Each structure stands twice: as structure tokens, then as C-alpha cells.
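Take a look at the structure set out below.
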Amino acid sequence: EDSIDKCSLWDISSAHQQKYYLSSVCHDKRIGYDNSKDNIYCSGKRNEWEAWQINSEGDGLVSFKSCVDGGKYLICTNGGKLKASHELNREALWQLEYSPNGGIFIISRNHDWHLSCNGQGLETSLNKGIGQTWILEPIMPSTISMDQITMYSSIGAATVALSVAMPFAIMGIIGGMGFTAGGISAGSI
């Protein structure tokens, strides 16, 4: 007899919220989106402009949505040109396929173009090789170092100490100005 409750529902949310860098295995470059130039590019950096949210669209298909400024979808046109669009349509659907080179192929579902990095830039190709192999690097939330914990603790302790000492400091200043407790309560201020 199975003792596991078959009616249980689990919701496991990942810390990275499905946000990834799409990194070329061969050239250690990331796919990015420049909102100001409306341009898809390849970069050696790992900034917010190179971050993508991966959404499951059913039937084994995914979409890639840029994490900057409202997010646009990565699309592939009929001629293999990569663009960004606010619209989630057939050109924004991608298929992920395992690569024998240790990663995945990212294939346009609508046109069968493969994302490719030639070391200098981003392109599409009908080939399946090392230049078309990508890995998904999860973007984890930043951690707090021991130095930062110490700094935040010191600021908190100083805040508490000042809030306790402040009434005494104010009374000392008023006393230094020549007012006494009796004069203050009689309304001489």
C-alpha cells in the first residue's frame, strides 16, 4: 500500500524565476537586447540586458522575453533575422533540443533556424554544430557577504543607540542654553 497522498499538489518555484543568460558554449558570449537601439546582439557580459525570462508555451515550445523595459520577445523572421517584438506570435516560439556538444540547440519553431554565435556576433544557421550550442545559465538572486552583514548590523546598532541617547542630548542642549527643568515646565520656552 502506497502511503503517499496522491491528491497532493506541489508548487516549487525556483529562486531564479526562470531568468537565464543564453550563453554560447563555443564563444562564452550571451544574447542581449538593447532597448534604445531595438537591437539583438551578442556580448561577453552578464548584465540585465543579457537576461531573458523563459516561458513555457505548451507543446514543448518556449519563448524568450527580455528582462529589460517591459520585455520584448526574441523572434526569428522568415529570412532568419533576429528581432524583438512585444507580440507573442509564431515567430517568438522556440524549440530546445539537446546538443551532443554539451548544451542545447535553440531552434525557431516557425522557420527551423538555429541560433548561432560566430564569436563576433549573433546570427542564425541551418547547421547543428558547436557554434549553435547554447547553455542556460540561471540568474540567481544576489547574496549578502559577511562584510555587508557587519555593515548593516553596525548601522542598526548605531540607529538604536542614537534613538536612546537623543532625548538626553536634547535636554543637555536646552540646559546648556540656560533653561532648567522648572523653567521648561512653567512654559518659559
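Following the order of the C-alpha cells, first chain is A, next is B, and so on, with residues numbered from 1 inside each chain and ligands from 1 in the order they appear.
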
Give me the residues within 12 Å of Gly103 of chain A as a list in words, counting only C-alpha atoms and dropping any in the same chain fewer than 3 places off.
Leu22, Ser23, Ser24, Val25, Cys26, Leu96, Glu97, Tyr98, Ser99, Pro100, Ile106, Lys128, Gly129, Ile130, Gly131, Gln132, Thr133, Trp134, Ile135, Leu136 and Glu137 of chain A

Per DSSP on the backbone, filter segment 140-171 of chain A down to the residues in alpha helix (DSSP H) and report them as a PyMOL selection string.
chain A and resi 146-171

If you run DSSP on this backbone, which residues of chain A come out as strand (DSSP E or B), and could you give them as JSON, numbers by chain?
{"A": [19, 20, 21, 22, 23, 24, 30, 31, 32, 33, 34, 39, 40, 41, 42, 43, 51, 52, 53, 54, 55, 56, 57, 58, 61, 62, 63, 64, 65, 66, 73, 74, 75, 76, 82, 83, 84, 85, 94, 95, 96, 97, 98, 99, 103, 104, 105, 106, 107, 108, 114, 115, 116, 117, 122, 123, 124, 125, 133, 134, 135, 136, 137, 138]}

Please produce an output containing C-alpha atoms for each residue in the selection, written as a PDB file, in the first residue's frame.
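The resulting out16.pdb:
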ATOM      1  CA  LYS A  19      15.520  34.081 -15.741  1.00  0.00           C
ATOM      2  CA  TYR A  20      18.613  32.969 -17.621  1.00  0.00           C
ATOM      3  CA  TYR A  21      21.596  34.100 -19.607  1.00  0.00           C
ATOM      4  CA  LEU A  22      21.604  32.383 -23.008  1.00  0.00           C
ATOM      5  CA  SER A  23      25.316  31.588 -23.318  1.00  0.00           C
ATOM      6  CA  SER A  24      27.236  30.281 -26.309  1.00  0.00           C
ATOM      7  CA  ARG A  30      25.462  35.971 -24.171  1.00  0.00           C
ATOM      8  CA  ILE A  31      22.436  37.023 -26.214  1.00  0.00           C
ATOM      9  CA  GLY A  32      21.342  40.531 -25.250  1.00  0.00           C
ATOM     10  CA  TYR A  33      18.746  43.098 -26.164  1.00  0.00           C
ATOM     11  CA  ASP A  34      19.470  46.831 -26.453  1.00  0.00           C
ATOM     12  CA  ASN A  39      18.796  45.507 -31.366  1.00  0.00           C
ATOM     13  CA  ILE A  40      19.510  41.856 -30.562  1.00  0.00           C
ATOM     14  CA  TYR A  41      23.243  41.334 -30.050  1.00  0.00           C
ATOM     15  CA  CYS A  42      25.917  39.035 -28.623  1.00  0.00           C
ATOM     16  CA  SER A  43      28.045  40.137 -25.637  1.00  0.00           C
ATOM     17  CA  ALA A  51      18.894  38.402 -19.084  1.00  0.00           C
ATOM     18  CA  TRP A  52      15.924  36.508 -20.538  1.00  0.00           C
ATOM     19  CA  GLN A  53      12.848  35.006 -18.951  1.00  0.00           C
ATOM     20  CA  ILE A  54      11.923  31.630 -20.402  1.00  0.00           C
ATOM     21  CA  ASN A  55       8.205  30.882 -20.600  1.00  0.00           C
ATOM     22  CA  SER A  56       6.670  27.543 -21.485  1.00  0.00           C
ATOM     23  CA  GLU A  57       4.189  27.985 -24.328  1.00  0.00           C
ATOM     24  CA  GLY A  58       2.932  24.378 -24.500  1.00  0.00           C
ATOM     25  CA  LEU A  61       7.828  25.184 -27.083  1.00  0.00           C
ATOM     26  CA  VAL A  62       9.240  28.160 -25.189  1.00  0.00           C
ATOM     27  CA  SER A  63       9.506  31.898 -25.637  1.00  0.00           C
ATOM     28  CA  PHE A  64      12.356  34.154 -24.559  1.00  0.00           C
ATOM     29  CA  LYS A  65      11.318  37.507 -23.097  1.00  0.00           C
ATOM     30  CA  SER A  66      13.908  40.203 -22.412  1.00  0.00           C
ATOM     31  CA  TYR A  73      10.148  38.587 -27.150  1.00  0.00           C
ATOM     32  CA  LEU A  74      13.053  37.219 -29.159  1.00  0.00           C
ATOM     33  CA  ILE A  75      11.700  36.420 -32.623  1.00  0.00           C
ATOM     34  CA  CYS A  76      13.131  34.927 -35.807  1.00  0.00           C
ATOM     35  CA  LEU A  82      16.590  38.076 -35.180  1.00  0.00           C
ATOM     36  CA  LYS A  83      14.396  40.847 -33.800  1.00  0.00           C
ATOM     37  CA  ALA A  84      12.457  41.786 -30.678  1.00  0.00           C
ATOM     38  CA  SER A  85       8.685  42.149 -30.519  1.00  0.00           C
ATOM     39  CA  TRP A  94      11.398  28.245 -29.949  1.00  0.00           C
ATOM     40  CA  GLN A  95      12.178  24.580 -29.546  1.00  0.00           C
ATOM     41  CA  LEU A  96      15.016  23.381 -27.309  1.00  0.00           C
ATOM     42  CA  GLU A  97      16.888  20.278 -28.429  1.00  0.00           C
ATOM     43  CA  TYR A  98      19.804  18.557 -26.719  1.00  0.00           C
ATOM     44  CA  SER A  99      23.158  19.084 -28.410  1.00  0.00           C
ATOM     45  CA  GLY A 103      24.204  22.074 -24.166  1.00  0.00           C
ATOM     46  CA  ILE A 104      21.141  22.725 -26.267  1.00  0.00           C
ATOM     47  CA  PHE A 105      20.194  23.901 -29.726  1.00  0.00           C
ATOM     48  CA  ILE A 106      17.695  26.780 -29.789  1.00  0.00           C
ATOM     49  CA  ILE A 107      15.581  26.345 -32.909  1.00  0.00           C
ATOM     50  CA  SER A 108      12.967  28.701 -34.329  1.00  0.00           C
ATOM     51  CA  HIS A 114      19.148  27.715 -35.189  1.00  0.00           C
ATOM     52  CA  LEU A 115      20.543  30.489 -33.008  1.00  0.00           C
ATOM     53  CA  SER A 116      24.238  30.722 -33.702  1.00  0.00           C
ATOM     54  CA  CYS A 117      27.218  32.675 -32.370  1.00  0.00           C
ATOM     55  CA  LEU A 122      24.765  36.637 -33.349  1.00  0.00           C
ATOM     56  CA  GLU A 123      23.213  35.005 -36.382  1.00  0.00           C
ATOM     57  CA  THR A 124      21.000  32.129 -37.407  1.00  0.00           C
ATOM     58  CA  SER A 125      22.022  28.985 -39.223  1.00  0.00           C
ATOM     59  CA  THR A 133      25.178  25.113 -28.975  1.00  0.00           C
ATOM     60  CA  TRP A 134      23.955  27.151 -26.004  1.00  0.00           C
ATOM     61  CA  ILE A 135      23.627  26.713 -22.261  1.00  0.00           C
ATOM     62  CA  LEU A 136      21.051  28.296 -19.986  1.00  0.00           C
ATOM     63  CA  GLU A 137      22.754  29.983 -17.023  1.00  0.00           C
ATOM     64  CA  PRO A 138      20.237  30.623 -14.210  1.00  0.00           C
TER      65      PRO A 138
END

For a test of reading the model, state the distance in Å between atom CA of Ile173 of chain A and atom CA of Ala157 of chain A, rounded to one decimal.
23.6 Å

One number please: atom CA of Gly119 of chain A to atom CA of Leu88 of chain A, in Å, one decimal.
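Value for the atom CA of Gly119 of chain A-atom CA of Leu88 of chain A distance: 28.7 Å.
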
Quick one: of A:His111, A:Leu93, A:Pro141, A:Ser153, who's nearest to Gly60 of chain A, counting only C-alpha atoms?
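Counting only C-alpha atoms, the residue closest to Gly60 of chain A is A:Leu93.
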
One decimal, in Å: what's the spacing between atom CA of Val68 of chain A and atom CA of Trp49 of chain A?
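Pair atom CA of Val68 of chain A / atom CA of Trp49 of chain A returns 6.1 Å.
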